[in-house]
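Worksheet for the structure shown next.
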Amino acid sequence: MEDKKVIFSGIQPTGTFTLGNYIGAIRNWGSLQEEYNCIYCVVNMHAITVKQEPSKLRKNTLDAYALLMACGIDPEKSILFIQSHVKTHAELSWLLSCSTQFGELSRMTQFKDKSRRHPDDINAGLFTYPVLMAADILAYNADLVPVGIDQKQHLELARNIAQRFNQRYGELFTVPEAYIPEVGAKVMSLQEPSKKMSKSDENPNACILILDDKDTIIRKFKRAVTDSEAEICYREGKDGINNLMTIYSSVTGKNFDEITSEFSGKGYGDFKLAVGEAVADHLAPIREKFAQFSSDKEYLKKCYTEGAEKALAYSQRIVSKAYRKVGFVDKK
Ligand code: TYM
């Protein structure tokens, strides 16, 4: 365990994951487990920065945990846990917030977007969200953080916070690097392909959820917005087709040239159907495993309890050092 690099990442339990979450992040989490020490977290504390129905949040958190297992995260190989079970995250977040500037947080595009979307609830947690995210990562001295491109700015901030803390108090934190996939770092909406695919999209046809059934997936792809040409190739200005090619490439492993020749002479209808079928076939085993994991509440509980114990032991060493460095008095 000791000499491997450390990976940390998290996902919000705000409903079933999207195909964007899957291709941009979660799929890579599974494949990194052999080579790295992986630590993955359901970030329910981040989720409450926008209003949540408590009973729904509870269910979504357990479902998200089971869904990560269904996507191949093995709690025997990785530390898989629920953020609110591990107190070091909130503790370190406070320390780091005192090394973070108001101006830096004001520049975060997700804060600006979410403030625009929820003008009646621009709470302080929404503003300091990236500090908690930095704490998640720095509490484990993570080297690499596998995320989609939309988290890059938050990660840059985490790096700046780590460097600033180290300069001020002496070397402690590893400065983490983003691990962003070459293909699929930003999966776009099927209805407005210039926009990121997101579960908060009001149009249900814009977004594939990874538990959607085959018919739903195919129907959504059939309705995907493309362009008025009839050429299946990856080119600037063809946002819809580029997105479908990216998705098809991600689930089949074929590169863009191979896809173009596979569909030469065929129409967009054939291509959309092929993408829908490939995605549905790829996701089918995840649906099955999810049904299995989510129904075994005892096993799930055992996994997240053990995960939290391991995460606490791991992060406590680093957070205790941070406490000492800032000048907090030891308890014993
Ligand atoms: P969240 O829950 O919004 O998304 C989880 C992961 O999915 C990626 N993602 C996408 N990738 C490609 N295309 C898309 N359309 C798409 N939509 C989402 C995100 O980039 C992310 O990697 N702040 C984080 C959660 C977090 C975290 C952390 C991540 C909290 N603490 C520490 C890494 C490390 C978030 O809201 O992700």
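Identifiers in the structure tokens: chain A, B, ... in order shown; residue index from 1 per chain; ligand index from 1 in order shown.
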Region 22-181 of chain A: residues DSSP assigns to strand (DSSP E), reported as a ChimeraX atom specification:
/A:37-42,79-82,144-146,177-179
For the residues in that selection, give me all heavy atoms as a CSV table (one decimal), in the first residue's frame.
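The new file selection-v4.csv reads:
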```csv
chain,number,residue,atom,x,y,z
A,37,ASN,N,-3.1,3.5,-4.9
A,37,ASN,CA,-3.9,3.5,-3.7
A,37,ASN,C,-5.1,4.4,-3.9
A,37,ASN,O,-4.9,5.6,-4.0
A,37,ASN,CB,-3.1,4.0,-2.5
A,37,ASN,CG,-2.1,3.0,-2.0
A,37,ASN,OD1,-2.2,1.8,-2.2
A,37,ASN,ND2,-1.0,3.6,-1.4
A,38,CYS,N,-6.3,3.8,-4.1
A,38,CYS,CA,-7.4,4.7,-4.5
A,38,CYS,C,-8.4,4.9,-3.3
A,38,CYS,O,-8.7,4.0,-2.6
A,38,CYS,CB,-8.2,4.0,-5.6
A,38,CYS,SG,-7.3,3.9,-7.1
A,39,ILE,N,-8.8,6.2,-3.2
A,39,ILE,CA,-9.7,6.6,-2.2
A,39,ILE,C,-10.9,7.3,-2.8
A,39,ILE,O,-10.6,8.3,-3.5
A,39,ILE,CB,-9.0,7.5,-1.2
A,39,ILE,CG1,-7.7,6.8,-0.6
A,39,ILE,CG2,-9.9,7.9,0.0
A,39,ILE,CD1,-6.8,7.7,0.1
A,40,TYR,N,-12.1,6.8,-2.7
A,40,TYR,CA,-13.2,7.4,-3.4
A,40,TYR,C,-14.3,7.7,-2.3
A,40,TYR,O,-14.5,6.9,-1.4
A,40,TYR,CB,-13.7,6.5,-4.5
A,40,TYR,CG,-12.7,6.2,-5.5
A,40,TYR,CD1,-12.4,4.9,-5.9
A,40,TYR,CD2,-12.1,7.2,-6.2
A,40,TYR,CE1,-11.4,4.6,-6.9
A,40,TYR,CE2,-11.2,7.0,-7.2
A,40,TYR,CZ,-10.8,5.7,-7.5
A,40,TYR,OH,-9.9,5.4,-8.5
A,41,CYS,N,-15.0,8.8,-2.6
A,41,CYS,CA,-15.9,9.3,-1.6
A,41,CYS,C,-17.3,9.8,-2.2
A,41,CYS,O,-17.3,10.4,-3.2
A,41,CYS,CB,-15.2,10.5,-1.0
A,41,CYS,SG,-16.0,11.4,0.3
A,42,VAL,N,-18.3,9.5,-1.5
A,42,VAL,CA,-19.7,10.0,-1.9
A,42,VAL,C,-19.8,11.3,-1.1
A,42,VAL,O,-19.9,11.3,0.2
A,42,VAL,CB,-20.8,9.0,-1.5
A,42,VAL,CG1,-22.2,9.7,-1.8
A,42,VAL,CG2,-20.6,7.7,-2.2
A,79,ILE,N,-10.4,2.5,-0.8
A,79,ILE,CA,-11.2,3.0,0.3
A,79,ILE,C,-12.4,3.7,-0.2
A,79,ILE,O,-12.2,4.7,-0.9
A,79,ILE,CB,-10.3,3.9,1.2
A,79,ILE,CG1,-9.1,3.2,1.7
A,79,ILE,CG2,-11.1,4.4,2.4
A,79,ILE,CD1,-8.1,4.0,2.6
A,80,LEU,N,-13.6,3.2,0.0
A,80,LEU,CA,-14.8,3.7,-0.5
A,80,LEU,C,-15.7,4.1,0.7
A,80,LEU,O,-16.1,3.3,1.5
A,80,LEU,CB,-15.5,2.7,-1.4
A,80,LEU,CG,-16.8,3.1,-2.0
A,80,LEU,CD1,-16.7,4.3,-2.9
A,80,LEU,CD2,-17.4,1.9,-2.9
A,81,PHE,N,-16.0,5.4,0.8
A,81,PHE,CA,-16.7,5.8,2.0
A,81,PHE,C,-17.6,7.0,1.8
A,81,PHE,O,-17.7,7.6,0.7
A,81,PHE,CB,-15.7,6.2,3.1
A,81,PHE,CG,-14.9,7.4,2.8
A,81,PHE,CD1,-15.1,8.6,3.5
A,81,PHE,CD2,-13.8,7.4,1.9
A,81,PHE,CE1,-14.4,9.7,3.2
A,81,PHE,CE2,-13.1,8.5,1.6
A,81,PHE,CZ,-13.3,9.7,2.3
A,82,ILE,N,-18.4,7.4,2.8
A,82,ILE,CA,-19.3,8.5,2.7
A,82,ILE,C,-18.7,9.7,3.5
A,82,ILE,O,-18.3,9.5,4.7
A,82,ILE,CB,-20.7,8.1,3.3
A,82,ILE,CG1,-21.3,7.0,2.5
A,82,ILE,CG2,-21.6,9.3,3.5
A,82,ILE,CD1,-22.5,6.3,3.1
A,144,LEU,N,-3.0,12.3,-7.4
A,144,LEU,CA,-3.8,12.5,-8.7
A,144,LEU,C,-5.3,12.5,-8.4
A,144,LEU,O,-5.7,11.7,-7.5
A,144,LEU,CB,-3.5,11.3,-9.6
A,144,LEU,CG,-2.1,11.2,-10.2
A,144,LEU,CD1,-2.0,9.9,-11.0
A,144,LEU,CD2,-1.9,12.4,-11.2
A,145,VAL,N,-6.0,13.3,-9.1
A,145,VAL,CA,-7.4,13.4,-8.9
A,145,VAL,C,-8.2,13.2,-10.2
A,145,VAL,O,-8.2,14.1,-11.1
A,145,VAL,CB,-7.8,14.8,-8.3
A,145,VAL,CG1,-9.3,14.9,-8.0
A,145,VAL,CG2,-7.0,15.1,-7.0
A,146,PRO,N,-8.8,12.0,-10.4
A,146,PRO,CA,-9.5,11.8,-11.7
A,146,PRO,C,-10.8,12.5,-11.7
A,146,PRO,O,-11.7,12.1,-11.0
A,146,PRO,CB,-9.6,10.3,-11.8
A,146,PRO,CG,-9.4,9.8,-10.4
A,146,PRO,CD,-8.7,10.8,-9.6
A,177,GLU,N,-2.5,16.7,-8.7
A,177,GLU,CA,-2.6,16.9,-10.1
A,177,GLU,C,-3.9,16.4,-10.6
A,177,GLU,O,-4.3,15.3,-10.2
A,177,GLU,CB,-1.5,16.3,-10.9
A,177,GLU,CG,-0.3,17.3,-11.0
A,177,GLU,CD,0.8,16.7,-11.8
A,177,GLU,OE1,0.6,16.1,-12.8
A,177,GLU,OE2,1.9,16.8,-11.2
A,178,ALA,N,-4.6,17.1,-11.6
A,178,ALA,CA,-5.8,16.6,-12.2
A,178,ALA,C,-5.4,15.4,-13.1
A,178,ALA,O,-4.4,15.5,-13.8
A,178,ALA,CB,-6.5,17.7,-12.9
A,179,TYR,N,-6.3,14.5,-13.1
A,179,TYR,CA,-6.2,13.3,-14.1
A,179,TYR,C,-7.4,13.4,-14.9
A,179,TYR,O,-8.5,12.9,-14.5
A,179,TYR,CB,-6.0,12.1,-13.3
A,179,TYR,CG,-5.8,10.8,-14.0
A,179,TYR,CD1,-4.6,10.2,-14.2
A,179,TYR,CD2,-6.9,10.1,-14.6
A,179,TYR,CE1,-4.4,9.0,-14.9
A,179,TYR,CE2,-6.7,9.0,-15.4
A,179,TYR,CZ,-5.5,8.4,-15.5
A,179,TYR,OH,-5.3,7.3,-16.2
```
For Tyr234 (chain A), find every residue with an atom within 9 Å (counting only C-alpha atoms), except residues of its own chain fewer than 4 positions away, and show them as JSON, numbers by chain.
{"A": [238, 239, 241, 242, 243, 245, 246, 256, 257, 260]}
Atoms to include: N, CA, C and O atoms. Write the selected residues as a compact mmCIF listing (two decimals), in the first residue's frame.
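After the write, out01.txt holds the following:
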```
# COMPACT_ATOMS: atom_id res chain seq x y z
N LYS A 238 -19.30 20.68 -35.53
CA LYS A 238 -20.25 19.56 -35.53
C LYS A 238 -20.41 19.05 -34.09
O LYS A 238 -20.13 17.88 -33.79
N ASP A 239 -20.86 19.93 -33.21
CA ASP A 239 -20.88 19.61 -31.78
C ASP A 239 -21.66 18.34 -31.46
O ASP A 239 -21.23 17.51 -30.67
N ILE A 241 -22.52 15.72 -33.44
CA ILE A 241 -21.86 14.51 -33.95
C ILE A 241 -20.56 14.25 -33.16
O ILE A 241 -20.26 13.10 -32.80
N ASN A 242 -19.81 15.31 -32.89
CA ASN A 242 -18.57 15.13 -32.11
C ASN A 242 -18.88 14.47 -30.77
O ASN A 242 -18.16 13.58 -30.31
N ASN A 243 -19.96 14.91 -30.15
CA ASN A 243 -20.34 14.34 -28.85
C ASN A 243 -20.72 12.87 -28.98
O ASN A 243 -20.29 12.03 -28.19
N MET A 245 -19.76 10.85 -31.28
CA MET A 245 -18.53 10.08 -31.59
C MET A 245 -17.71 9.84 -30.32
O MET A 245 -17.16 8.77 -30.11
N THR A 246 -17.65 10.87 -29.48
CA THR A 246 -16.91 10.74 -28.22
C THR A 246 -17.53 9.64 -27.36
O THR A 246 -16.83 8.80 -26.81
N PHE A 256 -11.65 7.78 -33.60
CA PHE A 256 -12.55 8.55 -34.47
C PHE A 256 -12.44 8.12 -35.94
O PHE A 256 -13.44 8.05 -36.65
N ASP A 257 -11.22 7.80 -36.41
CA ASP A 257 -11.07 7.36 -37.81
C ASP A 257 -11.83 6.06 -38.05
O ASP A 257 -12.50 5.89 -39.08
N THR A 260 -15.49 6.82 -38.29
CA THR A 260 -15.84 7.45 -39.56
C THR A 260 -15.92 6.40 -40.66
O THR A 260 -16.88 6.38 -41.45
```
Set the distance at 9 Å and use only C-alpha atoms: which residues neighbour Ile217 (chain A) once local chain neighbours fewer than 4 positions away are removed? I'd like the list as a list in words.
Ile208, Leu209, Asp212, Asp213, Phe221, Lys222, Gly276, Glu277, Val279 and Ala280 of chain A
Quick one: which chain A residues come within 7 Å of ligand 1, and what is the nearest atom pair for each with the distance in Å to one decimal, counting only C-alpha atoms and all ligand atoms, rows ordered by chain and ascending number, as JSON lines?
```
{"residue": "A:Phe8", "atom": "CA", "partner": "ligand 1", "partner_atom_place_in_ligand_line": "34 (C)", "distance": 5.9}
{"residue": "A:Ser9", "atom": "CA", "partner": "ligand 1", "partner_atom_place_in_ligand_line": "33 (C)", "distance": 3.9}
{"residue": "A:Gly10", "atom": "CA", "partner": "ligand 1", "partner_atom_place_in_ligand_line": "27 (C)", "distance": 4.0}
{"residue": "A:Ile11", "atom": "CA", "partner": "ligand 1", "partner_atom_place_in_ligand_line": "2 (O)", "distance": 3.7}
{"residue": "A:Gln12", "atom": "CA", "partner": "ligand 1", "partner_atom_place_in_ligand_line": "2 (O)", "distance": 3.8}
{"residue": "A:Pro13", "atom": "CA", "partner": "ligand 1", "partner_atom_place_in_ligand_line": "2 (O)", "distance": 6.9}
{"residue": "A:Gly20", "atom": "CA", "partner": "ligand 1", "partner_atom_place_in_ligand_line": "14 (C)", "distance": 3.6}
{"residue": "A:Asn21", "atom": "CA", "partner": "ligand 1", "partner_atom_place_in_ligand_line": "7 (O)", "distance": 3.5}
{"residue": "A:Tyr22", "atom": "CA", "partner": "ligand 1", "partner_atom_place_in_ligand_line": "7 (O)", "distance": 6.6}
{"residue": "A:Ile23", "atom": "CA", "partner": "ligand 1", "partner_atom_place_in_ligand_line": "12 (C)", "distance": 6.1}
{"residue": "A:Gly24", "atom": "CA", "partner": "ligand 1", "partner_atom_place_in_ligand_line": "11 (N)", "distance": 3.5}
{"residue": "A:Ala25", "atom": "CA", "partner": "ligand 1", "partner_atom_place_in_ligand_line": "22 (O)", "distance": 4.8}
{"residue": "A:Ile26", "atom": "CA", "partner": "ligand 1", "partner_atom_place_in_ligand_line": "6 (C)", "distance": 6.9}
{"residue": "A:Val43", "atom": "CA", "partner": "ligand 1", "partner_atom_place_in_ligand_line": "30 (C)", "distance": 5.6}
{"residue": "A:His46", "atom": "CA", "partner": "ligand 1", "partner_atom_place_in_ligand_line": "30 (C)", "distance": 6.4}
{"residue": "A:Leu132", "atom": "CA", "partner": "ligand 1", "partner_atom_place_in_ligand_line": "31 (N)", "distance": 6.9}
{"residue": "A:Met133", "atom": "CA", "partner": "ligand 1", "partner_atom_place_in_ligand_line": "31 (N)", "distance": 4.0}
{"residue": "A:Ala134", "atom": "CA", "partner": "ligand 1", "partner_atom_place_in_ligand_line": "32 (C)", "distance": 6.6}
{"residue": "A:Asp136", "atom": "CA", "partner": "ligand 1", "partner_atom_place_in_ligand_line": "32 (C)", "distance": 5.4}
{"residue": "A:Ile137", "atom": "CA", "partner": "ligand 1", "partner_atom_place_in_ligand_line": "32 (C)", "distance": 5.4}
{"residue": "A:Val145", "atom": "CA", "partner": "ligand 1", "partner_atom_place_in_ligand_line": "33 (C)", "distance": 5.9}
{"residue": "A:Pro146", "atom": "CA", "partner": "ligand 1", "partner_atom_place_in_ligand_line": "22 (O)", "distance": 6.4}
{"residue": "A:Val147", "atom": "CA", "partner": "ligand 1", "partner_atom_place_in_ligand_line": "22 (O)", "distance": 3.2}
{"residue": "A:Gly148", "atom": "CA", "partner": "ligand 1", "partner_atom_place_in_ligand_line": "20 (O)", "distance": 3.1}
{"residue": "A:Ile149", "atom": "CA", "partner": "ligand 1", "partner_atom_place_in_ligand_line": "20 (O)", "distance": 5.5}
{"residue": "A:Asp150", "atom": "CA", "partner": "ligand 1", "partner_atom_place_in_ligand_line": "20 (O)", "distance": 5.0}
{"residue": "A:Gln151", "atom": "CA", "partner": "ligand 1", "partner_atom_place_in_ligand_line": "20 (O)", "distance": 4.9}
{"residue": "A:Gly184", "atom": "CA", "partner": "ligand 1", "partner_atom_place_in_ligand_line": "12 (C)", "distance": 5.8}
{"residue": "A:Ala185", "atom": "CA", "partner": "ligand 1", "partner_atom_place_in_ligand_line": "12 (C)", "distance": 4.5}
{"residue": "A:Lys186", "atom": "CA", "partner": "ligand 1", "partner_atom_place_in_ligand_line": "13 (N)", "distance": 3.5}
{"residue": "A:Val187", "atom": "CA", "partner": "ligand 1", "partner_atom_place_in_ligand_line": "13 (N)", "distance": 3.8}
{"residue": "A:Met188", "atom": "CA", "partner": "ligand 1", "partner_atom_place_in_ligand_line": "15 (N)", "distance": 5.5}
{"residue": "A:Lys196", "atom": "CA", "partner": "ligand 1", "partner_atom_place_in_ligand_line": "15 (N)", "distance": 4.7}
{"residue": "A:Met197", "atom": "CA", "partner": "ligand 1", "partner_atom_place_in_ligand_line": "15 (N)", "distance": 4.0}
{"residue": "A:Ser198", "atom": "CA", "partner": "ligand 1", "partner_atom_place_in_ligand_line": "15 (N)", "distance": 5.7}
```
Hey, can you spit out that residue selection with C-alpha atoms as a PDB file, in the first residue's frame?
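Generated output (part23.pdb):
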```pdb
ATOM      1  CA  PHE A   8      -8.633  10.654  -4.542  1.00  0.00           C
ATOM      2  CA  SER A   9     -11.955  11.546  -6.099  1.00  0.00           C
ATOM      3  CA  GLY A  10     -15.538  12.204  -5.116  1.00  0.00           C
ATOM      4  CA  ILE A  11     -19.031  12.436  -6.535  1.00  0.00           C
ATOM      5  CA  GLN A  12     -22.174  14.153  -5.264  1.00  0.00           C
ATOM      6  CA  PRO A  13     -25.168  11.983  -4.373  1.00  0.00           C
ATOM      7  CA  GLY A  20     -21.072  12.253 -18.328  1.00  0.00           C
ATOM      8  CA  ASN A  21     -20.167  11.352 -14.725  1.00  0.00           C
ATOM      9  CA  TYR A  22     -19.451   7.837 -15.868  1.00  0.00           C
ATOM     10  CA  ILE A  23     -17.324   8.548 -18.936  1.00  0.00           C
ATOM     11  CA  GLY A  24     -15.603  11.629 -17.517  1.00  0.00           C
ATOM     12  CA  ALA A  25     -14.730  10.186 -14.128  1.00  0.00           C
ATOM     13  CA  ILE A  26     -16.138   7.003 -12.569  1.00  0.00           C
ATOM     14  CA  VAL A  43     -19.601  13.750  -1.055  1.00  0.00           C
ATOM     15  CA  HIS A  46     -21.027  19.045  -0.765  1.00  0.00           C
ATOM     16  CA  LEU A 132     -14.072  21.490   1.361  1.00  0.00           C
ATOM     17  CA  MET A 133     -13.096  19.874  -1.913  1.00  0.00           C
ATOM     18  CA  ALA A 134      -9.456  20.874  -1.318  1.00  0.00           C
ATOM     19  CA  ASP A 136     -11.055  16.101   0.723  1.00  0.00           C
ATOM     20  CA  ILE A 137      -8.000  15.824  -1.471  1.00  0.00           C
ATOM     21  CA  VAL A 145      -7.445  13.422  -8.882  1.00  0.00           C
ATOM     22  CA  PRO A 146      -9.461  11.791 -11.700  1.00  0.00           C
ATOM     23  CA  VAL A 147     -12.195  14.253 -12.706  1.00  0.00           C
ATOM     24  CA  GLY A 148     -13.967  15.678 -15.735  1.00  0.00           C
ATOM     25  CA  ILE A 149     -12.852  19.021 -17.120  1.00  0.00           C
ATOM     26  CA  ASP A 150     -15.505  20.983 -15.199  1.00  0.00           C
ATOM     27  CA  GLN A 151     -13.583  20.355 -11.950  1.00  0.00           C
ATOM     28  CA  GLY A 184     -14.794  12.178 -22.722  1.00  0.00           C
ATOM     29  CA  ALA A 185     -13.593  14.830 -20.253  1.00  0.00           C
ATOM     30  CA  LYS A 186     -16.720  16.804 -21.114  1.00  0.00           C
ATOM     31  CA  VAL A 187     -19.704  14.861 -22.374  1.00  0.00           C
ATOM     32  CA  MET A 188     -22.257  17.267 -23.812  1.00  0.00           C
ATOM     33  CA  LYS A 196     -22.318  20.027 -20.565  1.00  0.00           C
ATOM     34  CA  MET A 197     -24.504  16.960 -19.964  1.00  0.00           C
ATOM     35  CA  SER A 198     -25.931  17.481 -16.507  1.00  0.00           C
TER      36      SER A 198
END
```
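Across the model, the gap from CA of Ala206 (chain A) to CA of Ser189 (chain A) is 5.0 Å.
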